[in-house]
Amino acid sequence: MSRSEIRVGGLGGQGVILCGTIIGKAASIYDHKHSGMIQSFGPEARGSSCSAQVILSDEVIGYPYVRNLDVLVAMSNDACHKFLPELKKDGVLLYEEELVSFPEGTRPAKAWGIPATRFAEELGRKLVLNIVMVGFFAGVTGLVSRQAAEAAVRDSVPAGTEGLNLKAFARGYEYGRELVGGAA
Amino acid sequence: MKASPEGVLTGVHFMDGDHAACEGAIAAGCRFVAGYPITPSTEVVERFSVRIPTVGGMFIQMEDEIASSIAIQGAAWGGAKVMTVTSGPGLSLMMEHIGLAVMAEVPCVIVDVQRGGPSTGLPTLPAQADMMQVKWGSHGDYQIIALSPNSPQECFDLMIRAFNLSETWRCPVFMMMDEVVGHMVERVEIPPADQIEIVPRRWTTKKPSEYRAFEPGPDMVPDMAKAGDGYKLHITGLTHDERGYPAMNVPAQNRLVRRLSDKILKNRDKIVDVREDGCEDADIIVVSYGITSRVAGAAVEMARGLGLKVGSARMVVCWPFPDVEIARLSRKAKAIVVPELNLGQMVGEVERAACGDARVYLVDHAGGSVHEPERILETILQAARDAGLGFKTEAERS
Amino acid sequence: MESVKLPAKFALKNGVEVLVRDMVRADEPAVFEFFRLLPLEDRHFLRNDVTDPIRVHNFMIDDTHDRVRAVVAELDGRIVASAEIDRNHFGSMTHIGQLRVIIARELQHQGLGTILSRLLIADGVNAGIEKVLAETSTENKAAMLALEKMRFRKEATLKLHVKDLAGRKHDLAVYSYDVSHIWDKMEALVADYSPMREY
């Protein structure tokens, strides 16, 4: 059974949950897999550390939480170092490179950074940084297809903002493809 | 009859159980909700409050759960399909009026998105510890119906069934969700309205002069009268006769209270829903419900991988308790394993039904998360050892 | 509002079909020609003397603003309209988009202005612009009506602000279209609290 476990972590207000939702939606609605998303819930979701757990699977999902983390998407330093210990040995870390730093020698082997906030600002709106991360996730891991992820972005963002959000997705996706050496 | 297309959000969605439950209620025809928002159930009423004005219904945020649980009963007698939504602390406050809904036979749905208790407990974390409270929380003898969804999709599907059951049997029906099912986001498919079967209100066909409000039909359930159509009603929580007037004597009590229980228990075959998987030749059967049934599924798979014959029986309806089904299963199996997110509630019912035919093992959990599948597996293996069943070790397997 | 993929053809009210495409540097001679042929009374309201090739060159390479997008409409190989939305590079007004539309006389009142404006507003929104500004002399009733139809609101009238060719002073109407509500929803969506609203 193919099961991928993903955690998206960051600060409340960065769109952490939306990022997780779009990944899950892309997989379950547009890639026709099974997926489930659980967000950390409660007062801590506002302003401080916040995270979403996404499970992608070829089969019906039983246990709904992360047990063996395959991919950590970190949008803040706190979230990165809080959740890094649960990342499995050869797990993939995707991080906002201008917000996350590693003490000498602690950067995991499979770690890919992206200046997502700067990209979002360059595109015109800092608040699409989470969509840049969705694109980066799709581009680096290939766990959701580009078409599915784009459809999920289009379907999840408010009417009128699709254009910029899709641009943000493409920016992250292409940056990710380039980093891992695939054609964008 | 089929659901009204108005308000049915046909299509494929990626939504959490709370939102799906709300959509289920709207599709089922619910047009009145009174509630006092409480985590982890808040999203149900939050969504309802936004959605319902578009289909011509009403949401009232009440001063508390006591008021919520009685406001819906007023609206039900006014003709609406009704619901209230809460979590443990609110449910505790509703108990008195749940008894009234039983006694006055008010069709209503009560959603309990369970969180850790007692008291305010764990507002944002799951439990399945209100299972006995919904059955026994109000005073007196009575039966209710309780459903236990294990996914956002079922929060939609079972919500429709909950409304249908409440209209059919005229009693409070509980949707026993939990924080995980309420907040987990998954694919939810909402069918077209013409594929959703709805039970309409049981309106009487009798003339006002012939109508007696609590005269039961052949299924032991009385029909209701439309407010404003000239019927005279007296509705009371006191023991009443078939006209609805207080009759506080032993025969009336015996007749009424027995009927209120019997209409559920003697019709239990039409209500009970147990989903069995691999139980035919199973030595050990895992009996579970709600979110725990999903985790149990993972444990069952692991145990089968070790060469054990393990079946799974999932109680989609927890009340009325499926005692006939559990008794049948326990006669065939050597052991029954019951995981639940409490320190032992439904397991007592399982023991009662198993009646010593199979040894019953509880896998408890104080709440706040779900079981690790390994913990359930451990108990399955213990049950196997106790029953003298051989199985491969994890090392042999790999 | 999704960005319109250009080039694209649009039919006008009079049945004429124009080609709308992004303005490119190679358009400089054609743009110069378009401006040169504008009647004096139209040219008078522009910021620059567009009969001066250097001014047009500067317009083409516009580096005084952050040009979000500039487009031209073409008919039979001629440029018949030019439109742009730009904003400040820096400071307190980077979220404000300034909309400028110029249309050849023969194609005025055919809905071309609205087509170009809508297209540029969508781009503005997608570039993060929250408020779009447009100015017109109060003499230009058609432009005012078109702006109002597009949900622009008259925000100010600068009294006796502009002079026509004869030196007569006219009011200048400043219209704005606040598109920030579109982004408010996105803001709510990234608040990381119960974001599952799709109703």
# chains A, B, ... in the order shown; residues from 1 in each chain; ligands from 1
>>> interface_residues(of="chain A", to="chain B", cutoff="8 Å", atoms="only C-alpha atoms", output="ChimeraX atom specification")
/A:21,24-25,28-29,34-39,41-42,61-64
>>> select_by_dssp(residues="segment 71-166 of chain C", states="helix (DSSP H, G or I)", output="ChimeraX atom specification")
/C:105-107,112-126,141-149
>>> select_by_dssp(residues="segment 1-181 of chain A", states="strand (DSSP E)", output="ChimeraX atom specification")
/A:3-11,34-39,49-57,69-74,87-96,111-114
>>> residues_around(residues="Gln147 of chain A", least_positions_apart="4", cutoff="12 Å", atoms="only C-alpha atoms", output="PDB file with C-alpha atoms, in the first residue's frame")
ATOM      1  CA  ILE A  23      -2.612  19.245  -1.376  1.00  0.00           C
ATOM      2  CA  ALA A  26      -5.672  17.807  -5.348  1.00  0.00           C
ATOM      3  CA  ALA A  27      -5.036  14.180  -4.416  1.00  0.00           C
ATOM      4  CA  ILE A  29     -10.687  15.077  -5.993  1.00  0.00           C
ATOM      5  CA  TYR A  30      -8.409  15.504  -8.993  1.00  0.00           C
ATOM      6  CA  ASP A  31      -5.858  12.677  -8.730  1.00  0.00           C
ATOM      7  CA  GLY A 135       3.653  24.533  -6.115  1.00  0.00           C
ATOM      8  CA  ALA A 138       4.166  19.437  -6.188  1.00  0.00           C
ATOM      9  CA  GLY A 139       7.297  20.301  -8.151  1.00  0.00           C
ATOM     10  CA  GLY A 142       5.491  14.838  -7.530  1.00  0.00           C
ATOM     11  CA  LEU A 143       3.049  13.430  -4.957  1.00  0.00           C
ATOM     12  CA  ALA A 151      -7.364  22.607 -10.332  1.00  0.00           C
ATOM     13  CA  ALA A 152      -7.353  22.435  -6.541  1.00  0.00           C
ATOM     14  CA  VAL A 153      -5.817  25.926  -6.283  1.00  0.00           C
ATOM     15  CA  ARG A 154      -8.407  27.340  -8.677  1.00  0.00           C
ATOM     16  CA  LEU A 166      -1.953  30.227 -10.201  1.00  0.00           C
ATOM     17  CA  PHE A 169       1.739  28.027  -7.872  1.00  0.00           C
ATOM     18  CA  ALA A 170       3.666  28.024 -11.143  1.00  0.00           C
ATOM     19  CA  TYR A 173       6.381  24.459  -9.060  1.00  0.00           C
TER      20      TYR A 173
END
>>> closest_residue(among="C:Glu135, C:Asp22, C:Asp66, C:Glu84", to="chain A", atoms="only C-alpha atoms")
C:Asp66
>>> residues_around(residues="Leu18 of chain A", least_positions_apart="3", cutoff="12 Å", atoms="only C-alpha atoms", output="VMD selection string")
(chain A and resid 8 to 10 12 to 15 21 to 26 37 to 39 50 to 54 127 to 134 152 to 153 155 to 158) or (chain B and resid 14 to 15 185) or (chain C and resid 186 to 197)
>>> residues_around(residues="Asp386 of chain B", least_positions_apart="3", cutoff="12 Å", atoms="only C-alpha atoms", output="JSON, numbers by chain")
{"B": [283, 284, 334, 335, 336, 358, 359, 360, 361, 379, 380, 381, 382, 383, 389, 390]}
>>> closest_residue(among="A:Arg177, A:Lys167, A:Lys110, A:Lys33", to="chain C", atoms="only C-alpha atoms")
A:Lys167
>>> residues_around(residues="Glu97 of chain A", least_positions_apart="6", cutoff="12 Å", atoms="only C-alpha atoms", output="PyMOL selection string")
chain A and resi 73-77+80+107+111-119+133
>>> closest_residue(among="B:Ile144, B:Val50, B:Cys355, B:Ala366", to="chain C", atoms="only C-alpha atoms")
B:Val50
>>> closest_residue(among="C:Lys5, C:Ser92, C:Gly15, C:Arg100", to="chain A", atoms="only C-alpha atoms")
C:Lys5
>>> residues_around(residues="Gln98 of chain C", least_positions_apart="3", cutoff="8 Å", atoms="only C-alpha atoms", output="compact mmCIF listing (two decimals) with C-alpha atoms, in the first residue's frame")
# COMPACT_ATOMS: atom_id res chain seq x y z
CA ILE C 85 -2.49 49.97 -15.64
CA ASP C 86 0.46 51.05 -13.57
CA ARG C 87 1.36 51.82 -10.01
CA VAL C 132 -7.99 51.12 -9.23
CA LEU C 133 -8.12 54.82 -10.09
CA ALA C 134 -9.33 56.44 -13.32
>>> closest_residue(among="B:Gln143, B:Tyr36, B:Lys81, B:Gly307", to="Met94 of chain B", atoms="only C-alpha atoms")
B:Tyr36
>>> closest_residue(among="C:Met150, C:Leu12, C:Leu145, C:Leu116", to="Ala173 of chain C", atoms="only C-alpha atoms")
C:Leu145
